[in-house]
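With TSV, C-alpha atoms inside, this is upload.tsv:
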```
chain	number	residue	atom	x	y	z
A	15	MET	CA	26.37	56.03	31.70
A	16	PRO	CA	23.12	54.11	32.13
A	17	PHE	CA	24.87	51.25	33.92
A	18	ALA	CA	25.71	53.64	36.74
A	19	ARG	CA	22.11	53.05	37.83
A	20	LEU	CA	23.08	49.53	38.82
A	21	ALA	CA	25.43	50.93	41.45
A	22	THR	CA	22.40	52.08	43.41
A	23	VAL	CA	20.75	48.64	43.32
A	24	THR	CA	21.59	46.62	46.41
A	25	THR	CA	20.25	43.21	45.36
A	26	PRO	CA	22.95	40.73	44.26
A	27	THR	CA	20.94	39.93	41.15
A	28	CYS	CA	21.57	43.40	39.73
A	29	HIS	CA	24.70	41.87	38.21
A	30	ILE	CA	22.59	39.42	36.21
A	31	GLY	CA	20.72	40.62	33.15
A	32	LEU	CA	18.02	38.94	31.09
A	33	GLY	CA	18.80	38.32	27.43
A	34	LEU	CA	15.86	37.71	25.10
A	35	ALA	CA	17.59	35.78	22.31
A	36	ALA	CA	15.89	32.51	23.26
A	37	VAL	CA	12.32	33.80	23.53
A	38	GLY	CA	12.02	36.52	20.89
A	39	ARG	CA	11.80	34.02	18.02
A	40	PRO	CA	10.70	30.39	17.65
A	41	GLY	CA	14.07	28.99	16.56
A	42	TYR	CA	17.46	29.27	18.27
A	43	ILE	CA	20.56	27.13	18.85
A	44	ASN	CA	20.19	26.47	22.58
A	45	LEU	CA	20.11	22.82	23.63
A	46	GLY	CA	16.88	21.53	25.20
A	47	ARG	CA	14.60	23.94	23.37
A	48	ASP	CA	11.93	21.38	22.60
A	49	GLU	CA	11.50	20.69	26.30
A	50	ASP	CA	11.66	24.37	27.22
A	51	LEU	CA	9.21	25.78	24.67
A	52	GLY	CA	7.04	22.85	23.62
A	53	GLU	CA	5.07	22.93	20.39
A	54	ASP	CA	3.26	26.27	20.71
A	55	ARG	CA	5.72	28.87	19.50
A	56	SER	CA	3.22	31.32	18.14
A	57	VAL	CA	3.88	35.03	18.41
A	58	GLU	CA	1.40	35.36	21.26
A	59	ALA	CA	2.79	32.35	23.12
A	60	LEU	CA	6.31	33.76	23.04
A	61	ARG	CA	5.06	37.25	23.87
A	62	THR	CA	3.39	35.83	26.98
A	63	ARG	CA	6.48	33.82	27.88
A	64	THR	CA	8.72	36.87	27.48
A	65	HIS	CA	6.47	38.97	29.69
A	66	GLU	CA	6.42	36.25	32.36
A	67	LEU	CA	10.22	36.18	32.33
A	68	LEU	CA	10.46	39.96	32.53
A	69	ASP	CA	7.97	40.02	35.43
A	70	ALA	CA	9.95	37.40	37.33
A	71	ALA	CA	13.32	38.98	36.56
A	72	TYR	CA	12.25	42.44	37.66
A	73	ALA	CA	10.67	41.09	40.83
A	74	GLN	CA	13.97	39.39	41.68
A	75	GLY	CA	16.09	42.51	41.19
A	76	VAL	CA	17.26	42.11	37.59
A	77	ARG	CA	17.69	45.55	36.04
A	78	TYR	CA	19.29	44.99	32.64
A	79	PHE	CA	17.28	43.66	29.68
A	80	ASP	CA	18.98	42.79	26.40
A	81	ALA	CA	17.38	42.49	22.95
A	82	ALA	CA	18.45	42.77	19.29
A	83	ARG	CA	16.95	43.49	15.90
A	84	SER	CA	17.69	39.90	14.87
A	85	TYR	CA	16.03	38.33	17.92
A	86	GLY	CA	12.71	38.06	16.11
A	87	ARG	CA	10.19	40.21	18.00
A	88	SER	CA	12.27	40.67	21.15
A	89	GLU	CA	12.24	44.47	20.95
A	90	GLU	CA	8.48	44.46	20.37
A	91	PHE	CA	7.86	42.13	23.32
A	92	LEU	CA	10.09	44.22	25.57
A	93	ALA	CA	8.45	47.46	24.44
A	94	ASP	CA	5.01	46.00	25.17
A	95	TRP	CA	6.13	45.03	28.67
A	96	LEU	CA	7.64	48.43	29.37
A	97	GLY	CA	4.46	50.11	28.13
A	98	ALA	CA	2.38	47.98	30.48
A	99	HIS	CA	4.63	48.93	33.42
A	100	PRO	CA	5.07	52.72	33.32
A	101	GLU	CA	6.20	52.62	36.94
A	102	VAL	CA	9.37	50.74	35.90
A	103	ASP	CA	11.89	53.53	35.50
A	104	ASP	CA	15.03	51.98	36.97
A	105	VAL	CA	16.01	49.46	34.28
A	106	VAL	CA	18.70	49.63	31.62
A	107	VAL	CA	17.50	48.61	28.15
A	108	GLY	CA	19.97	47.47	25.52
A	109	SER	CA	19.56	46.31	21.95
A	110	LYS	CA	21.79	45.57	18.97
A	111	TRP	CA	21.92	46.28	15.27
A	112	GLY	CA	23.84	44.63	12.45
A	113	TYR	CA	21.88	41.41	11.89
A	114	THR	CA	18.50	41.20	10.18
A	115	TYR	CA	16.06	38.46	11.19
A	116	THR	CA	15.13	36.48	8.07
A	117	ALA	CA	13.46	33.29	9.33
A	118	GLY	CA	9.88	34.49	8.94
A	119	TRP	CA	8.87	32.97	12.29
A	120	SER	CA	10.01	29.51	11.23
A	121	THR	CA	12.36	27.07	12.97
A	122	ASP	CA	13.58	25.46	9.74
A	123	ALA	CA	14.42	28.47	7.59
A	124	GLU	CA	17.48	28.17	5.38
A	125	ARG	CA	18.90	31.35	6.96
A	126	HIS	CA	17.75	32.78	10.26
A	127	GLU	CA	19.68	36.06	10.17
A	128	VAL	CA	21.87	38.06	7.80
A	129	LYS	CA	24.83	40.14	8.98
A	130	ASP	CA	25.54	43.61	7.60
A	131	HIS	CA	27.50	46.25	9.50
A	132	SER	CA	27.07	49.02	6.94
A	133	LEU	CA	25.97	52.56	7.72
A	134	ALA	CA	22.78	51.95	5.71
A	135	THR	CA	21.86	49.02	7.93
A	136	TYR	CA	22.53	51.07	11.05
A	137	GLU	CA	20.27	53.87	9.83
A	138	ARG	CA	17.46	51.46	8.92
A	139	GLN	CA	17.64	49.40	12.08
A	140	ARG	CA	18.07	52.40	14.35
A	141	ALA	CA	14.78	53.76	12.98
A	142	GLU	CA	13.13	50.36	13.54
A	143	THR	CA	14.41	50.17	17.11
A	144	ASP	CA	13.38	53.75	17.84
A	145	ALA	CA	9.86	53.03	16.59
A	146	LEU	CA	9.55	50.31	19.23
A	147	LEU	CA	11.68	51.37	22.19
A	148	GLY	CA	11.91	55.13	21.67
A	149	ASP	CA	13.51	56.92	24.58
A	150	ARG	CA	13.56	53.72	26.68
A	151	LEU	CA	16.61	52.58	24.71
A	152	ASP	CA	19.77	53.18	26.75
A	153	LEU	CA	22.39	51.11	24.95
A	154	TYR	CA	22.76	50.32	21.24
A	155	GLN	CA	25.43	47.79	20.30
A	156	ILE	CA	26.98	46.66	17.04
A	157	HIS	CA	26.04	42.99	16.87
A	158	SER	CA	28.88	40.44	16.74
A	159	VAL	CA	31.90	42.45	15.69
A	160	THR	CA	34.80	40.38	14.34
A	161	PRO	CA	38.30	41.64	13.48
A	162	ASP	CA	37.37	41.99	9.80
A	163	SER	CA	34.13	43.87	10.45
A	164	PRO	CA	33.80	47.11	8.45
A	165	ALA	CA	32.26	48.62	11.58
A	166	LEU	CA	35.79	48.94	12.96
A	167	THR	CA	37.03	51.11	10.07
A	168	ASP	CA	33.98	52.94	8.67
A	169	LYS	CA	34.57	56.58	9.64
A	170	ASP	CA	31.13	57.68	8.44
A	171	LEU	CA	29.52	55.07	10.66
A	172	HIS	CA	31.72	56.15	13.57
A	173	ALA	CA	30.58	59.75	13.09
A	174	ARG	CA	26.90	58.75	13.16
A	175	LEU	CA	27.43	56.62	16.28
A	176	ALA	CA	29.24	59.52	17.93
A	177	GLU	CA	26.27	61.76	17.12
A	178	ALA	CA	23.96	59.28	18.82
A	179	ALA	CA	26.27	59.22	21.83
A	180	ALA	CA	26.26	63.01	22.00
A	181	GLN	CA	22.46	62.85	22.16
A	182	GLY	CA	22.60	60.55	25.20
A	183	LEU	CA	22.62	57.04	23.76
A	184	THR	CA	25.38	54.74	25.02
A	185	VAL	CA	27.21	53.08	22.11
A	186	GLY	CA	28.69	49.61	22.47
A	187	PHE	CA	29.56	46.45	20.58
A	188	SER	CA	29.30	42.70	21.00
A	189	THR	CA	31.72	40.06	19.76
A	190	SER	CA	31.59	36.48	18.55
A	191	GLY	CA	34.00	33.92	17.13
A	192	PRO	CA	37.44	32.55	18.02
A	193	ALA	CA	39.15	35.95	17.57
A	194	GLN	CA	37.04	37.87	20.09
A	195	ALA	CA	40.12	39.20	21.87
A	196	ASP	CA	41.44	40.72	18.63
A	197	ALA	CA	38.06	42.32	17.91
A	198	ILE	CA	37.85	43.80	21.41
A	199	ARG	CA	41.32	45.32	21.20
A	200	ALA	CA	40.62	46.73	17.75
A	201	ALA	CA	37.39	48.30	18.99
A	202	LEU	CA	39.17	49.85	21.96
A	203	ALA	CA	41.35	51.74	19.48
A	204	VAL	CA	38.38	53.34	17.65
A	205	THR	CA	38.11	57.04	18.42
A	206	VAL	CA	36.13	60.02	17.15
A	207	ASP	CA	37.72	63.43	17.64
A	208	GLY	CA	40.25	61.83	19.92
A	209	GLU	CA	37.67	60.25	22.24
A	210	PRO	CA	36.94	56.52	22.54
A	211	LEU	CA	33.70	55.65	20.71
A	212	PHE	CA	32.56	52.57	22.59
A	213	ARG	CA	31.48	52.51	26.23
A	214	THR	CA	30.36	48.88	26.56
A	215	VAL	CA	31.43	45.47	25.28
A	216	GLN	CA	29.35	42.29	25.30
A	217	SER	CA	31.24	39.06	24.65
A	218	THR	CA	30.87	35.31	24.87
A	219	TYR	CA	32.69	34.12	27.97
A	220	ASN	CA	32.13	30.89	29.86
A	221	ALA	CA	33.98	27.96	31.39
A	222	LEU	CA	34.35	26.36	27.95
A	223	GLU	CA	35.32	29.54	26.07
A	224	ALA	CA	37.42	31.87	28.20
A	225	SER	CA	39.80	33.18	25.53
A	226	ALA	CA	38.48	36.75	25.64
A	227	GLY	CA	39.15	37.15	29.35
A	228	SER	CA	42.35	39.19	29.19
A	229	ALA	CA	40.96	41.51	26.51
A	230	LEU	CA	37.77	42.01	28.51
A	231	ALA	CA	39.87	42.90	31.56
A	232	GLU	CA	41.67	45.47	29.40
A	233	ALA	CA	38.33	46.87	28.25
A	234	HIS	CA	37.22	47.19	31.87
A	235	ASP	CA	40.45	48.97	32.75
A	236	ALA	CA	39.82	51.35	29.83
A	237	GLY	CA	36.48	52.30	31.36
A	238	LEU	CA	34.07	50.10	29.39
A	239	THR	CA	31.19	48.25	31.01
A	240	VAL	CA	31.65	44.51	30.39
A	241	ILE	CA	28.57	42.38	29.70
A	242	VAL	CA	28.98	38.61	29.36
A	243	LYS	CA	26.72	36.64	27.04
A	244	GLU	CA	26.36	32.89	26.45
A	245	GLY	CA	27.55	32.11	29.95
A	246	MET	CA	25.79	28.75	29.64
A	247	ALA	CA	27.47	27.97	26.30
A	248	ASN	CA	24.08	27.61	24.58
A	249	GLY	CA	23.03	24.96	27.09
A	250	ARG	CA	26.23	22.91	27.09
A	251	LEU	CA	26.78	23.85	30.76
A	252	ALA	CA	23.21	23.13	31.85
A	253	GLY	CA	22.38	20.09	33.98
A	254	PRO	CA	21.87	17.23	31.51
A	255	HIS	CA	24.66	18.38	29.20
A	256	ALA	CA	27.19	19.63	31.76
A	257	PRO	CA	30.72	18.20	31.96
A	258	ASP	CA	31.39	15.87	34.87
A	259	ALA	CA	33.68	18.36	36.62
A	260	LEU	CA	30.91	20.97	36.65
A	261	LYS	CA	28.39	18.43	37.92
A	262	ALA	CA	30.76	17.47	40.74
A	263	VAL	CA	31.24	21.08	41.82
A	264	ALA	CA	27.49	21.70	41.62
A	265	ASP	CA	26.83	18.67	43.81
A	266	ALA	CA	29.35	19.92	46.37
A	267	THR	CA	27.75	23.36	46.52
A	268	GLY	CA	24.16	22.12	46.53
A	269	MET	CA	23.37	24.41	43.60
A	270	GLY	CA	22.50	23.73	39.97
A	271	CYS	CA	25.11	23.47	37.25
A	272	ASP	CA	23.74	26.65	35.71
A	273	ALA	CA	24.17	28.68	38.89
A	274	VAL	CA	27.72	27.39	39.34
A	275	ALA	CA	28.62	28.16	35.71
A	276	LEU	CA	27.37	31.74	36.09
A	277	ALA	CA	29.02	32.11	39.51
A	278	TRP	CA	32.37	31.20	37.93
A	279	ILE	CA	31.90	34.19	35.60
A	280	LEU	CA	30.78	36.55	38.35
A	281	ARG	CA	34.03	35.92	40.21
A	282	ARG	CA	35.83	37.95	37.51
A	283	PRO	CA	36.26	41.47	38.89
A	284	TRP	CA	35.86	43.01	35.43
A	285	VAL	CA	32.35	41.62	34.84
A	286	ALA	CA	29.56	44.15	35.35
A	287	VAL	CA	26.63	42.04	34.11
A	288	VAL	CA	26.28	38.42	33.04
A	289	LEU	CA	23.23	37.58	30.96
A	290	SER	CA	20.77	34.85	31.73
A	291	GLY	CA	19.38	33.41	28.54
A	292	ALA	CA	16.60	31.56	30.33
A	293	ALA	CA	13.60	30.38	28.35
A	294	THR	CA	11.49	29.46	31.38
A	295	VAL	CA	10.88	31.08	34.75
A	296	PRO	CA	12.31	28.07	36.69
A	297	GLN	CA	15.50	28.35	34.63
A	298	LEU	CA	15.71	32.05	35.40
A	299	LEU	CA	15.19	31.54	39.12
A	300	SER	CA	17.88	28.86	39.13
A	301	ASN	CA	20.27	31.18	37.26
A	302	LEU	CA	19.61	33.86	39.86
A	303	HIS	CA	21.14	31.67	42.57
A	304	ALA	CA	24.55	32.36	41.02
A	305	PRO	CA	25.49	35.27	43.32
A	306	ALA	CA	24.94	32.99	46.32
A	307	VAL	CA	27.30	30.25	45.09
A	308	ASP	CA	30.51	30.25	47.14
A	309	LEU	CA	33.29	28.65	45.10
A	310	ASP	CA	36.59	27.89	46.79
A	311	GLU	CA	39.94	28.02	45.00
A	312	ASP	CA	40.03	24.29	44.33
A	313	GLN	CA	36.58	24.39	42.74
A	314	LEU	CA	37.51	27.40	40.64
A	315	THR	CA	40.63	25.59	39.44
A	316	ARG	CA	38.59	22.51	38.52
A	317	LEU	CA	36.24	24.65	36.47
A	318	ASP	CA	39.19	26.41	34.82
A	319	THR	CA	40.25	23.06	33.33
A	320	LEU	CA	37.07	22.89	31.23
A	321	ALA	CA	38.32	25.52	28.75
A	322	GLU	CA	38.41	24.33	25.14
A	323	ASP	CA	40.44	25.51	22.19
A	324	PRO	CA	38.52	28.55	20.87
A	325	GLY	CA	38.52	27.26	17.31
A	326	ALA	CA	37.04	23.95	18.39
A	327	TYR	CA	34.48	25.66	20.62
A	328	TRP	CA	33.20	27.94	17.86
A	329	GLU	CA	33.19	25.14	15.32
A	330	ARG	CA	30.95	23.10	17.60
A	331	ARG	CA	28.75	26.12	18.28
A	332	GLY	CA	28.37	26.60	14.53
A	333	GLN	CA	27.10	23.03	14.23
A	334	LEU	CA	24.33	23.43	16.81
A	335	PRO	CA	20.97	23.13	15.05
A	336	TRP	CA	18.33	25.85	15.02
A	337	HIS	CA	15.23	24.32	16.57
```
Could the structure of this file be written out as structure tokens, please?
Amino acid sequence: MPFARLATVTTPTCHIGLGLAAVGRPGYINLGRDEDLGEDRSVEALRTRTHELLDAAYAQGVRYFDAARSYGRSEEFLADWLGAHPEVDDVVVGSKWGYTYTAGWSTDAERHEVKDHSLATYERQRAETDALLGDRLDLYQIHSVTPDSPALTDKDLHARLAEAAAQGLTVGFSTSGPAQADAIRAALAVTVDGEPLFRTVQSTYNALEASAGSALAEAHDAGLTVIVKEGMANGRLAGPHAPDALKAVADATGMGCDAVALAWILRRPWVAVVLSGAATVPQLLSNLHAPAVDLDEDQLTRLDTLAEDPGAYWERRGQLPWH
């Protein structure tokens, strides 16, 4: 398991990974993007920004980097950075397949990505990922599995994924939507020749959307590595947008709302890695204070009260504009 490498890393920040969703393409649904990125969102500007984030993350002890085929040029930017740093041999590199980026480097495209969990898409995107990341790829995940995803029942696909696993690639899945818990439990039941297929799960989990918690704990108990994405709820838990209860706890701790929000996640014993989706180096460095945030039981309880109905949470997320 590639994540076993993290056990040898002694820095607290080894439990924080860097996700490249926000910087691999010009448009995304995070709040505050205009302030974060400014007007220059050219390929080279975002390549430079991504490399600056990777430099800062690695220097601070981050050892998991997360990309996807649908994150614009995220795999390309990451591959460029790895190629420029041949001495970096202690990181875990993950990517995802199942969505195709369709925005053509525009922020106002009618559709930014198209989902397809077919075997044909896996074969095509696996070849595309291999062409960029080659043997640096450690983890390949099915992108945003839902309970009705054909990826949960396609035996031919399962056989091909099992072949990849036999050749040394770790196979995982990510989830999205109000029925994440159902998708996780369904994926845990997928086997090939009597052996579980998936070794990692990456799910949305934060103070506003905690409905997958029990299923993620079950996945951990079953031996899967749990990665948490969207811990900042696409910016809704960041300073200017944070709920009052989060702001009050942050004030009491002397830390930023972002660090407190991520610290709340890190308190879960089943979490192996929580992703930072930072778009700027100052955001990343603030996120990396999370392991140092000491939350008492009263503060944890106050943050627990922020949880929303999953249906309402995902409906609001679906209304966030790409910009």
(request) Identify which of the residues A:Gly52, A:Gly237, A:Gly182, A:Pro161 lies closest to Ala201 (chain A), counting all atoms listed in the file when measuring atom-to-atom distances. (result) A:Pro161
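Those residues that approach Leu298 (chain A) to within 10 Å, counting all atoms listed in the file, are Leu32, Leu67, Leu68, Ala70, Ala71, Gln74, Asp272, Ala273, Ser290, Gly291, Ala292, Ala293, Thr294, Leu302 and His303 of chain A; same-chain residues fewer than 4 positions away are not listed.
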(message) Quick one: residues within 12 Å of Ala179 (chain A), only C-alpha atoms, excluding same-chain residues fewer than 5 positions away - as a list in words?
(response)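 Result of the neighbour search: Met15, Pro16, Asp152, Leu153, Tyr154, Gln155, His172, Ala173, Arg174, Thr184, Val185, Gly186, Val206, Glu209, Pro210, Leu211, Phe212 and Arg213 of chain A.
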Write the residues of the selection above to a file with C-alpha atoms, as a PDB file, keeping the file's coordinate frame.
```pdb
ATOM      1  CA  MET A  15      26.370  56.030  31.700  1.00  0.00           C
ATOM      2  CA  PRO A  16      23.120  54.110  32.130  1.00  0.00           C
ATOM      3  CA  ASP A 152      19.770  53.180  26.750  1.00  0.00           C
ATOM      4  CA  LEU A 153      22.390  51.110  24.950  1.00  0.00           C
ATOM      5  CA  TYR A 154      22.760  50.320  21.240  1.00  0.00           C
ATOM      6  CA  GLN A 155      25.430  47.790  20.300  1.00  0.00           C
ATOM      7  CA  HIS A 172      31.720  56.150  13.570  1.00  0.00           C
ATOM      8  CA  ALA A 173      30.580  59.750  13.090  1.00  0.00           C
ATOM      9  CA  ARG A 174      26.900  58.750  13.160  1.00  0.00           C
ATOM     10  CA  THR A 184      25.380  54.740  25.020  1.00  0.00           C
ATOM     11  CA  VAL A 185      27.210  53.080  22.110  1.00  0.00           C
ATOM     12  CA  GLY A 186      28.690  49.610  22.470  1.00  0.00           C
ATOM     13  CA  VAL A 206      36.130  60.020  17.150  1.00  0.00           C
ATOM     14  CA  GLU A 209      37.670  60.250  22.240  1.00  0.00           C
ATOM     15  CA  PRO A 210      36.940  56.520  22.540  1.00  0.00           C
ATOM     16  CA  LEU A 211      33.700  55.650  20.710  1.00  0.00           C
ATOM     17  CA  PHE A 212      32.560  52.570  22.590  1.00  0.00           C
ATOM     18  CA  ARG A 213      31.480  52.510  26.230  1.00  0.00           C
TER      19      ARG A 213
END
```
Could you tell me, as a PDB file with C-alpha atoms, in the coordinates of the input, which residues have any atom at most 10 Å from (27.0, 50.7, 4.3), counting only C-alpha atoms?
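Output (part_14.pdb):
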```pdb
ATOM      1  CA  ASP A 130      25.540  43.610   7.600  1.00  0.00           C
ATOM      2  CA  HIS A 131      27.500  46.250   9.500  1.00  0.00           C
ATOM      3  CA  SER A 132      27.070  49.020   6.940  1.00  0.00           C
ATOM      4  CA  LEU A 133      25.970  52.560   7.720  1.00  0.00           C
ATOM      5  CA  ALA A 134      22.780  51.950   5.710  1.00  0.00           C
ATOM      6  CA  THR A 135      21.860  49.020   7.930  1.00  0.00           C
ATOM      7  CA  TYR A 136      22.530  51.070  11.050  1.00  0.00           C
ATOM      8  CA  GLU A 137      20.270  53.870   9.830  1.00  0.00           C
ATOM      9  CA  PRO A 164      33.800  47.110   8.450  1.00  0.00           C
ATOM     10  CA  ALA A 165      32.260  48.620  11.580  1.00  0.00           C
ATOM     11  CA  ASP A 168      33.980  52.940   8.670  1.00  0.00           C
ATOM     12  CA  ASP A 170      31.130  57.680   8.440  1.00  0.00           C
ATOM     13  CA  LEU A 171      29.520  55.070  10.660  1.00  0.00           C
TER      14      LEU A 171
END
```
(request) Quick one: pull the distance between CA of Arg125 (chain A) and CA of Thr218 (chain A), Å, one decimal. (result)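 If I compute the distance from CA of Arg125 (chain A) to CA of Thr218 (chain A), I get 21.9 Å.
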Counting all atoms listed in the file, which residues of region 118-219 of chain A fall within 8 Å of region 38-46 of chain A, and what is the closest atom pair for each with its distance in Å at one decimal, ordered by chain and rising number, as CSV?
```
residue,atom,partner,partner_atom,distance
A:Trp119,CA,A:Pro40,CA,6.2
A:Ser120,CA,A:Pro40,CA,6.5
A:Thr121,CA,A:Gly41,CA,4.4
A:Asp122,CA,A:Gly41,CA,7.7
```
Centre and edge lengths, as AutoDock Vina command-line options, for the axis-aligned box enclosing every listed atom of region 58-69 of chain A with 3 Å of padding on each of the six sides, in Å to one decimal?
```
--center_x 5.9 --center_y 36.2 --center_z 28.3 --size_x 15.1 --size_y 13.7 --size_z 20.2
```
(message) Could you check the closest approach to Gly332 (chain A) for each of A:Leu317, A:Ala98, A:Ile279, A:Ala247 and tell me which residue wins, using only C-alpha atoms?
(response)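 Once distances to Gly332 (chain A) are computed over only C-alpha atoms, the minimum belongs to A:Ala247.
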Using only C-alpha atoms, which protein or nucleic acid residues come within 10 Å of region 59-63 of chain A? Drop anything in the same chain fewer than 2 positions from it, and give the result as a PDB file with C-alpha atoms, in the frame of the given file.
```pdb
ATOM      1  CA  ALA A  36      15.890  32.510  23.260  1.00  0.00           C
ATOM      2  CA  VAL A  37      12.320  33.800  23.530  1.00  0.00           C
ATOM      3  CA  GLY A  38      12.020  36.520  20.890  1.00  0.00           C
ATOM      4  CA  ARG A  39      11.800  34.020  18.020  1.00  0.00           C
ATOM      5  CA  PRO A  40      10.700  30.390  17.650  1.00  0.00           C
ATOM      6  CA  LEU A  51       9.210  25.780  24.670  1.00  0.00           C
ATOM      7  CA  ASP A  54       3.260  26.270  20.710  1.00  0.00           C
ATOM      8  CA  ARG A  55       5.720  28.870  19.500  1.00  0.00           C
ATOM      9  CA  SER A  56       3.220  31.320  18.140  1.00  0.00           C
ATOM     10  CA  VAL A  57       3.880  35.030  18.410  1.00  0.00           C
ATOM     11  CA  HIS A  65       6.470  38.970  29.690  1.00  0.00           C
ATOM     12  CA  GLU A  66       6.420  36.250  32.360  1.00  0.00           C
ATOM     13  CA  LEU A  67      10.220  36.180  32.330  1.00  0.00           C
ATOM     14  CA  LEU A  68      10.460  39.960  32.530  1.00  0.00           C
ATOM     15  CA  ASP A  69       7.970  40.020  35.430  1.00  0.00           C
ATOM     16  CA  ARG A  87      10.190  40.210  18.000  1.00  0.00           C
ATOM     17  CA  SER A  88      12.270  40.670  21.150  1.00  0.00           C
ATOM     18  CA  GLU A  90       8.480  44.460  20.370  1.00  0.00           C
ATOM     19  CA  PHE A  91       7.860  42.130  23.320  1.00  0.00           C
ATOM     20  CA  LEU A  92      10.090  44.220  25.570  1.00  0.00           C
ATOM     21  CA  ASP A  94       5.010  46.000  25.170  1.00  0.00           C
ATOM     22  CA  TRP A  95       6.130  45.030  28.670  1.00  0.00           C
ATOM     23  CA  ALA A 293      13.600  30.380  28.350  1.00  0.00           C
ATOM     24  CA  THR A 294      11.490  29.460  31.380  1.00  0.00           C
ATOM     25  CA  VAL A 295      10.880  31.080  34.750  1.00  0.00           C
TER      26      VAL A 295
END
```
(request) Quick one: pull the distance between CA of Ala195 (chain A) and CA of Val107 (chain A), Å, one decimal. (result) 25.3 Å
(request) Provide the CA of Pro283 (chain A) to CA of Asp312 (chain A) distance in Å, to one decimal place. (result)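 Separation of CA of Pro283 (chain A) and CA of Asp312 (chain A): 18.4 Å.
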(message) Could you list, as a PyMOL selection string, every residue within 7 Å of Ser188 (chain A), counting all atoms listed in the file and ignoring same-chain residues fewer than 3 positions away?
(response) chain A and resi 155-159+215-217
(request) Excluding Val106 (chain A) and residues on its chain fewer than 4 positions from it, collect all residues at most 9 Å away from it, counting all atoms listed in the file, and give them as a list in words. (result) Pro16, Phe17, Arg19, Leu20, Arg77, Tyr78, Phe79, Asp80, Arg150, Leu151, Asp152 and Leu153 of chain A
(message) Ranking A:Met246, A:Leu276, A:Ala93, A:Cys271 by minimum distance to Leu146 (chain A) and counting all atoms listed in the file, which one comes first?
(response) A:Ala93
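The shortest atom-to-atom distance to Gly270 (chain A), with all atoms listed in the file taken into account, belongs to A:Pro296 out of A:Pro296, A:Leu230, A:Ala81, A:Thr27.
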